[in-house]
2 protein chains.
Amino acid sequence: MSERAFPLAEITDIELNASLETTLYEQLYHAIKQRICQGRFKAGMRLPASRKLAEQLSVSRNTITLALEQLQAEGYLISRVGSGFYITTDLPETFFKVKQPKVAAIKPLLGKSYLAASVNKFMQPSTNRDLSNYPFQPGMPDLKHFPKKIWSRIAQRYHHLHDTHLLAFDDPRGYLPLREVLSEYLTSSRSVRCQPQQIILTAGAQQALNLVSHVLINPNDIVAIENPGYIQARRIFELHAAKLRGIDIQKDSLCIKQLQRLKLPPKLIYTTPTHQYPLGMIMPLAKRIQLIEYCKQQHCWLLEDDYDSEYYYQAKPIPCLQGLADSNNILYMGSFSKVLFPALRLGYLVVPESFVDTFTQVKACLYGHDVLINQAIVAEFMSAGHFGRHLKKMRLLYADKLNYVKLLHQRYLEKYSELLEYDAGMHLVIKFKHAIDDNVIVSQLREKKFAPTALSNYFIGKDKQSGLVLGFANSDEKMIEIGIKLIRKLIMSQI
Amino acid sequence: MSERAFPLAEITDIELNASLETTLYEQLYHAIKQRICQGRFKAGMRLPASRKLAEQLSVSRNTITLALEQLQAEGYLISRVGSGFYITTDLPETFFKVKQPKVAAIKPLLGKSYLAASVNKFMQPSTNRDLSNYPFQPGMPDLKHFPKKIWSRIAQRYHHLHDTHLLAFDDPRGYLPLREVLSEYLTSSRSVRCQPQQIILTAGAQQALNLVSHVLINPNDIVAIENPGYIQARRIFELHAAKLRGIDIQKDSLCIKQLQRLKLPPKLIYTTPTHQYPLGMIMPLAKRIQLIEYCKQQHCWLLEDDYDSEYYYQAKPIPCLQGLADSNNILYMGSFSKVLFPALRLGYLVVPESFVDTFTQVKACLYGHDVLINQAIVAEFMSAGHFGRHLKKMRLLYADKLNYVKLLHQRYLEKYSELLEYDAGMHLVIKFKHAIDDNVIVSQLREKKFAPTALSNYFIGKDKQSGLVLGFANSDEKMIEIGIKLIRKLIMSQI
């Protein structure tokens, strides 16, 4: 190592300015580091003694020491007892060529081929990325009627954080009081058979789908999904490298004969029996029993997604599949996104007793714990009765909107499309009577800030139907009328 | 279909009671349903006319109609125009044998073999499930000193929900104002090179690890991890069916020669260069440059986990690897769990520009959107300067605690264990000088409500070291003293 100290003159151009916001020691640290990186201070050179540096730069020795120690900690300098600081000799030549590159200088070393295969397959130019709250967006509730005052009063209390427990970890399944009140609600309203210990709270329905996939699906396992069906579920299963089999929706439910005709039975069947997504039909009891029997015989898992069963406008929905069956192969999931608000990110999964431990461990590993404060707010919102009242209010509101869409469809669109009349949920489906590309209509509507989705995208395979999935919950009458008239105009320009 | 109506006498034992909480129509619905399930009302039988039923049961015809329509919707009854309601003939015989089973009657149709292979491999009796906030728990901050008043004041404002935007969806990357202020912070404090559009907010560090795994890892891809290293990361990679290669921590960092000796280069290297987890050393600059060069030559991904760089008590930590490199193969992650509170569930991933779109799409698919209100609160907490002040306060507090643990270790434990002195972070590591099973000590400590973790668990392979990882942040002086003395007692009873 060269013992040559470089002359003090080398540092005379370092200007330290006490009136700047960065401290003097930081300024000095940056100045020396810069000179090392530029190659002006060579490897092995000894720095002048800190006393001399302090004199030269008119700062305290403490400032000098802080800067040099930082540089030492970072590996730019090394120190020798009694002999002071040296520029390190450890840095390779290549380092000095890098010269603090800017963002623009980043080189594209890796390309798409360095991603997981399931991701490469999955990547498509995505059409529906912009998820602002536009009229006709499926699944988006009417946030203007959310009981903000009640919510904020409860939220305020929990955000005072008297209970530091809510800041730390809890049971990985989520906040117990919420699981308790939810278990009561699911038992009485949906005939789900569950105890609080079987409920695993998730950050939205997607986390539930993802957790189920992690726990159940090996690459190339067969997963049967409804065709048409929920796109996000399909994409999540694809990301887990499942082999998908679309089972057609015929008349009133998924076609059980098609299931029986599969060469190999699926590992998992994903279904929305309460309100088929997106078409809307209710799976009748007899079909439910057949499906449960099929799953028992074939030893396959059944995932029941009860995504919007809270919204019915005539008869109450049929009790869920999970409550009908007597075997431990049924998973039940739901979400608060539609009944409260989407950005709450709160869903749930009801797991058979014998698998609770497994699901809990995998959840804890993959996602850690939950946003406890929000779960505490929801627990109180439910147990104080606000949840029930909110649902009742929204049911009336949405029934009116639904009827208004039906009325306007009759008035303006009946010539061009067929409306599927299932009076439940937060969306309606219309099927075009002419051969029109629904994705074209959707992108034209999006330009005008309407966000229905294209029916054809919900299908897999070649036999797609063209139409629109119209969320009606987040639209007011005025926007519904403007939107329906616009749809007519766009259809007419296509035929 | 039998046209035989059953005699009215069949329903005389139905008792409806207007003073009960359930409505009359629900009582009637349950009564008829029960009789169908019990086989008392046979398939094909016609129900008496609703007028007659109303007379017989002394309720309004409206009540009768509601109950019968619900039963029809559920598939128990079918209706024929002008002829009334019939018991359905669609239900299979097996249905009547099920008889509304209770939870206890669930049959264990599926066993562990019906889970994904990676999960079966991963399942172990877990020792550290109970994650209450006990002294010595690594990674747990001192929640008593969290600025609750400031937080709740900000939270209150956002929970008033004036902005319904915070209830709906946003950019899948998370709330932009938080990404903006975070980008400034990471640039200035950690020399991360990032723009707000490169930041993807995640629900905690685990979601970041999981997202990276989904985007990058195919089953059987090689992932190099530090040995010892972060257990949760290892488990997440295992759940993604990666082949793990442990790279030993030698002297001051992971051994790059071991990396070079791998038969196949890894797809991904996971590292904690700022403060090796759990041992605590800082990877020196020269090693960092070697590691970056290795990854460039071998075209592998580097995931830099900067999990607690905010806590340093002497020199500031070395700027991150991501800021040193000029290639697009480095991912940088961090978390707010330690600087704010764990149940916030907020972490972040900084992604090279060329891959932002892919990561964003996969995040949107797997997890949907974020808890926007909480992100808005954190954004304001940071931009108003509370974050910086909180960090400064906690640094002083934790430095005192760290010194106190060191003092007491010297006083009580030096004979039995070696303390690794790296003055950063929120935990210290002690290695036992005798052959003691650290898991035994840990479970004995847990009984007394102390929650350090066993050092040996952080190792993979046979060559494990025995000792304790002592979180000191969440313990006060009194508990630290009780705990250290208890550890001495337990060690002495083992040797």
# chains A, B, ... in the order shown; residues from 1 in each chain; ligands from 1

$ residues_around --residues "range 231-243 of chain A" --least-positions-apart "5" --cutoff "6 Å" --atoms "only C-alpha atoms" --output "VMD selection string"
chain A and resid 118 219 to 222 458

$ residues_around --residues "Met479 in chain B" --least-positions-apart "2" --cutoff "12 Å" --atoms "only C-alpha atoms" --output "list in words"
Tyr134, Pro135, Phe136, Lys401, Tyr404, Val405, Leu408, Lys448, Lys449, Phe450, Ala451, Gly471, Phe472, Ala473, Asn474, Ser475, Asp476, Glu477, Glu481, Ile482, Gly483, Ile484, Lys485, Leu486 and Ile487 of chain B

$ atom_distance --atom1 "CA of Asp357 in chain B" --atom2 "CA of Tyr230 in chain B"
28.1 Å

$ closest_residue --among "A:Leu66, A:Leu166, A:Ile318, A:Ile225" --to "Ala424 in chain A" --atoms "only C-alpha atoms"
A:Ile318

$ select_by_dssp --residues "range 130-273 of chain B" --states "strand (DSSP E or B)" --output "PyMOL selection string"
chain B and resi 199-202+222-227+243-250+253-254+268-271

$ select_by_dssp --residues "range 390-439 of chain B" --states "alpha helix (DSSP H)" --output "PyMOL selection string"
chain B and resi 390-408+438-439

$ write_last_selection --atoms "N, CA, C and O atoms" --output "PDB file, in the first residue's frame"
ATOM      1  N   HIS B 390     -40.029  10.661  14.058  1.00  0.00           N
ATOM      2  CA  HIS B 390     -40.252   9.395  14.753  1.00  0.00           C
ATOM      3  C   HIS B 390     -38.998   8.524  14.662  1.00  0.00           C
ATOM      4  O   HIS B 390     -38.554   7.940  15.662  1.00  0.00           O
ATOM      5  N   LEU B 391     -38.402   8.468  13.474  1.00  0.00           N
ATOM      6  CA  LEU B 391     -37.186   7.670  13.298  1.00  0.00           C
ATOM      7  C   LEU B 391     -36.070   8.148  14.212  1.00  0.00           C
ATOM      8  O   LEU B 391     -35.384   7.347  14.852  1.00  0.00           O
ATOM      9  N   LYS B 392     -35.887   9.461  14.258  1.00  0.00           N
ATOM     10  CA  LYS B 392     -34.810  10.014  15.103  1.00  0.00           C
ATOM     11  C   LYS B 392     -35.017   9.630  16.556  1.00  0.00           C
ATOM     12  O   LYS B 392     -34.089   9.213  17.245  1.00  0.00           O
ATOM     13  N   LYS B 393     -36.244   9.774  17.015  1.00  0.00           N
ATOM     14  CA  LYS B 393     -36.556   9.452  18.408  1.00  0.00           C
ATOM     15  C   LYS B 393     -36.291   7.968  18.676  1.00  0.00           C
ATOM     16  O   LYS B 393     -35.681   7.605  19.684  1.00  0.00           O
ATOM     17  N   MET B 394     -36.731   7.128  17.756  1.00  0.00           N
ATOM     18  CA  MET B 394     -36.603   5.695  17.980  1.00  0.00           C
ATOM     19  C   MET B 394     -35.135   5.262  17.911  1.00  0.00           C
ATOM     20  O   MET B 394     -34.727   4.333  18.609  1.00  0.00           O
ATOM     21  N   ARG B 395     -34.345   5.936  17.069  1.00  0.00           N
ATOM     22  CA  ARG B 395     -32.921   5.598  16.994  1.00  0.00           C
ATOM     23  C   ARG B 395     -32.251   5.792  18.350  1.00  0.00           C
ATOM     24  O   ARG B 395     -31.475   4.940  18.801  1.00  0.00           O
ATOM     25  N   LEU B 396     -32.555   6.922  19.003  1.00  0.00           N
ATOM     26  CA  LEU B 396     -31.964   7.178  20.323  1.00  0.00           C
ATOM     27  C   LEU B 396     -32.446   6.136  21.327  1.00  0.00           C
ATOM     28  O   LEU B 396     -31.666   5.585  22.107  1.00  0.00           O
ATOM     29  N   LEU B 397     -33.734   5.867  21.291  1.00  0.00           N
ATOM     30  CA  LEU B 397     -34.326   4.917  22.230  1.00  0.00           C
ATOM     31  C   LEU B 397     -33.722   3.524  22.056  1.00  0.00           C
ATOM     32  O   LEU B 397     -33.312   2.862  23.019  1.00  0.00           O
ATOM     33  N   TYR B 398     -33.629   3.090  20.796  1.00  0.00           N
ATOM     34  CA  TYR B 398     -33.126   1.743  20.527  1.00  0.00           C
ATOM     35  C   TYR B 398     -31.625   1.644  20.808  1.00  0.00           C
ATOM     36  O   TYR B 398     -31.142   0.593  21.230  1.00  0.00           O
ATOM     37  N   ALA B 399     -30.887   2.745  20.572  1.00  0.00           N
ATOM     38  CA  ALA B 399     -29.449   2.732  20.862  1.00  0.00           C
ATOM     39  C   ALA B 399     -29.242   2.478  22.352  1.00  0.00           C
ATOM     40  O   ALA B 399     -28.369   1.702  22.751  1.00  0.00           O
ATOM     41  N   ASP B 400     -30.078   3.112  23.188  1.00  0.00           N
ATOM     42  CA  ASP B 400     -29.983   2.887  24.633  1.00  0.00           C
ATOM     43  C   ASP B 400     -30.278   1.430  24.984  1.00  0.00           C
ATOM     44  O   ASP B 400     -29.594   0.819  25.797  1.00  0.00           O
ATOM     45  N   LYS B 401     -31.315   0.892  24.366  1.00  0.00           N
ATOM     46  CA  LYS B 401     -31.680  -0.492  24.657  1.00  0.00           C
ATOM     47  C   LYS B 401     -30.584  -1.456  24.218  1.00  0.00           C
ATOM     48  O   LYS B 401     -30.240  -2.402  24.921  1.00  0.00           O
ATOM     49  N   LEU B 402     -30.045  -1.182  23.026  1.00  0.00           N
ATOM     50  CA  LEU B 402     -28.952  -2.007  22.505  1.00  0.00           C
ATOM     51  C   LEU B 402     -27.785  -2.013  23.481  1.00  0.00           C
ATOM     52  O   LEU B 402     -27.245  -3.069  23.831  1.00  0.00           O
ATOM     53  N   ASN B 403     -27.414  -0.815  23.950  1.00  0.00           N
ATOM     54  CA  ASN B 403     -26.286  -0.729  24.878  1.00  0.00           C
ATOM     55  C   ASN B 403     -26.579  -1.442  26.178  1.00  0.00           C
ATOM     56  O   ASN B 403     -25.690  -2.038  26.791  1.00  0.00           O
ATOM     57  N   TYR B 404     -27.815  -1.385  26.592  1.00  0.00           N
ATOM     58  CA  TYR B 404     -28.182  -2.039  27.843  1.00  0.00           C
ATOM     59  C   TYR B 404     -28.076  -3.560  27.697  1.00  0.00           C
ATOM     60  O   TYR B 404     -27.584  -4.243  28.596  1.00  0.00           O
ATOM     61  N   VAL B 405     -28.522  -4.085  26.570  1.00  0.00           N
ATOM     62  CA  VAL B 405     -28.389  -5.537  26.347  1.00  0.00           C
ATOM     63  C   VAL B 405     -26.914  -5.920  26.350  1.00  0.00           C
ATOM     64  O   VAL B 405     -26.516  -6.926  26.946  1.00  0.00           O
ATOM     65  N   LYS B 406     -26.095  -5.106  25.681  1.00  0.00           N
ATOM     66  CA  LYS B 406     -24.655  -5.405  25.626  1.00  0.00           C
ATOM     67  C   LYS B 406     -24.042  -5.402  27.028  1.00  0.00           C
ATOM     68  O   LYS B 406     -23.255  -6.285  27.384  1.00  0.00           O
ATOM     69  N   LEU B 407     -24.426  -4.388  27.820  1.00  0.00           N
ATOM     70  CA  LEU B 407     -23.922  -4.287  29.186  1.00  0.00           C
ATOM     71  C   LEU B 407     -24.296  -5.518  30.000  1.00  0.00           C
ATOM     72  O   LEU B 407     -23.464  -6.139  30.669  1.00  0.00           O
ATOM     73  N   LEU B 408     -25.564  -5.894  29.905  1.00  0.00           N
ATOM     74  CA  LEU B 408     -26.033  -7.039  30.701  1.00  0.00           C
ATOM     75  C   LEU B 408     -25.460  -8.350  30.173  1.00  0.00           C
ATOM     76  O   LEU B 408     -25.213  -9.280  30.946  1.00  0.00           O
ATOM     77  N   ASP B 438     -30.699 -24.796  21.217  1.00  0.00           N
ATOM     78  CA  ASP B 438     -31.319 -23.473  21.389  1.00  0.00           C
ATOM     79  C   ASP B 438     -32.844 -23.533  21.326  1.00  0.00           C
ATOM     80  O   ASP B 438     -33.526 -22.707  21.927  1.00  0.00           O
ATOM     81  N   ASN B 439     -33.388 -24.530  20.621  1.00  0.00           N
ATOM     82  CA  ASN B 439     -34.850 -24.637  20.584  1.00  0.00           C
ATOM     83  C   ASN B 439     -35.439 -24.990  21.944  1.00  0.00           C
ATOM     84  O   ASN B 439     -36.550 -24.587  22.265  1.00  0.00           O
TER      85      ASN B 439
END

$ residues_around --residues "Gln494 in chain A" --least-positions-apart "5" --cutoff "10 Å" --atoms "only C-alpha atoms" --output "count of residues only"
8

$ closest_residue --among "B:Val192, B:Leu262, B:Leu211, B:Ala286" --to "chain A" --atoms "only C-alpha atoms"
B:Ala286

$ residues_around --residues "Ser191 in chain B" --least-positions-apart "5" --cutoff "10 Å" --atoms "only C-alpha atoms" --output "list of chain:residue names"
B:Glu184, B:Tyr185, B:Leu186, B:Ile318, B:Pro319, B:Cys320, B:Leu321, B:Gln322, B:Gly323, B:Leu324

$ closest_residue --among "B:Asp423, B:Asp142, B:Asp163, B:Glu180" --to "Ile200 in chain B" --atoms "only C-alpha atoms"
B:Glu180

$ residues_around --residues "Pro92 in chain A" --least-positions-apart "4" --cutoff "12 Å" --atoms "only C-alpha atoms" --output "list of chain:residue names"
A:Cys37, A:Gly39, A:Ala43, A:Tyr76, A:Thr88, A:Phe96, A:Lys97, A:Val98, B:Leu285, B:Ala286, B:Lys287, B:Arg288, B:Ile289, B:Gln290, B:Leu291, B:Ile292, B:Glu293

$ write_last_selection --atoms "N, CA and C atoms" --output "PDB file, in the first residue's frame"
ATOM      1  N   CYS A  37     -14.656   8.108  -6.439  1.00  0.00           N
ATOM      2  CA  CYS A  37     -15.350   7.491  -7.572  1.00  0.00           C
ATOM      3  C   CYS A  37     -14.819   8.001  -8.908  1.00  0.00           C
ATOM      4  N   GLY A  39     -11.859   8.712  -9.433  1.00  0.00           N
ATOM      5  CA  GLY A  39     -10.489   8.263  -9.605  1.00  0.00           C
ATOM      6  C   GLY A  39      -9.452   9.335  -9.272  1.00  0.00           C
ATOM      7  N   ALA A  43      -6.419   4.581  -5.138  1.00  0.00           N
ATOM      8  CA  ALA A  43      -6.384   3.491  -4.164  1.00  0.00           C
ATOM      9  C   ALA A  43      -5.048   3.488  -3.423  1.00  0.00           C
ATOM     10  N   TYR A  76     -15.124   2.775   1.510  1.00  0.00           N
ATOM     11  CA  TYR A  76     -14.302   3.636   0.652  1.00  0.00           C
ATOM     12  C   TYR A  76     -12.930   3.886   1.275  1.00  0.00           C
ATOM     13  N   THR A  88      -9.345   2.858   0.042  1.00  0.00           N
ATOM     14  CA  THR A  88      -9.314   1.395  -0.022  1.00  0.00           C
ATOM     15  C   THR A  88      -8.687   0.907  -1.329  1.00  0.00           C
ATOM     16  N   PHE A  96     -14.950   2.050 -11.048  1.00  0.00           N
ATOM     17  CA  PHE A  96     -14.733   3.467 -11.368  1.00  0.00           C
ATOM     18  C   PHE A  96     -15.313   3.840 -12.728  1.00  0.00           C
ATOM     19  N   LYS A  97     -15.652   2.806 -13.477  1.00  0.00           N
ATOM     20  CA  LYS A  97     -16.280   3.090 -14.769  1.00  0.00           C
ATOM     21  C   LYS A  97     -17.776   3.345 -14.631  1.00  0.00           C
ATOM     22  N   VAL A  98     -18.366   2.866 -13.513  1.00  0.00           N
ATOM     23  CA  VAL A  98     -19.815   2.968 -13.351  1.00  0.00           C
ATOM     24  C   VAL A  98     -20.252   4.417 -13.208  1.00  0.00           C
TER      25      VAL A  98
ATOM     26  N   LEU B 285     -18.280  -2.639   0.562  1.00  0.00           N
ATOM     27  CA  LEU B 285     -18.464  -2.156  -0.799  1.00  0.00           C
ATOM     28  C   LEU B 285     -17.836  -3.081  -1.849  1.00  0.00           C
ATOM     29  N   ALA B 286     -16.624  -3.545  -1.559  1.00  0.00           N
ATOM     30  CA  ALA B 286     -15.928  -4.369  -2.551  1.00  0.00           C
ATOM     31  C   ALA B 286     -16.721  -5.648  -2.845  1.00  0.00           C
ATOM     32  N   LYS B 287     -17.252  -6.259  -1.787  1.00  0.00           N
ATOM     33  CA  LYS B 287     -18.061  -7.473  -1.953  1.00  0.00           C
ATOM     34  C   LYS B 287     -19.336  -7.171  -2.741  1.00  0.00           C
ATOM     35  N   ARG B 288     -19.894  -5.994  -2.466  1.00  0.00           N
ATOM     36  CA  ARG B 288     -21.121  -5.619  -3.180  1.00  0.00           C
ATOM     37  C   ARG B 288     -20.874  -5.561  -4.680  1.00  0.00           C
ATOM     38  N   ILE B 289     -19.735  -4.955  -4.997  1.00  0.00           N
ATOM     39  CA  ILE B 289     -19.439  -4.815  -6.428  1.00  0.00           C
ATOM     40  C   ILE B 289     -19.204  -6.188  -7.053  1.00  0.00           C
ATOM     41  N   GLN B 290     -18.514  -7.068  -6.321  1.00  0.00           N
ATOM     42  CA  GLN B 290     -18.325  -8.445  -6.822  1.00  0.00           C
ATOM     43  C   GLN B 290     -19.662  -9.146  -7.062  1.00  0.00           C
ATOM     44  N   LEU B 291     -20.576  -8.950  -6.100  1.00  0.00           N
ATOM     45  CA  LEU B 291     -21.876  -9.619  -6.208  1.00  0.00           C
ATOM     46  C   LEU B 291     -22.655  -9.091  -7.413  1.00  0.00           C
ATOM     47  N   ILE B 292     -22.625  -7.774  -7.571  1.00  0.00           N
ATOM     48  CA  ILE B 292     -23.320  -7.177  -8.718  1.00  0.00           C
ATOM     49  C   ILE B 292     -22.724  -7.692 -10.022  1.00  0.00           C
ATOM     50  N   GLU B 293     -21.391  -7.777 -10.071  1.00  0.00           N
ATOM     51  CA  GLU B 293     -20.720  -8.265 -11.277  1.00  0.00           C
ATOM     52  C   GLU B 293     -21.097  -9.714 -11.566  1.00  0.00           C
TER      53      GLU B 293
END
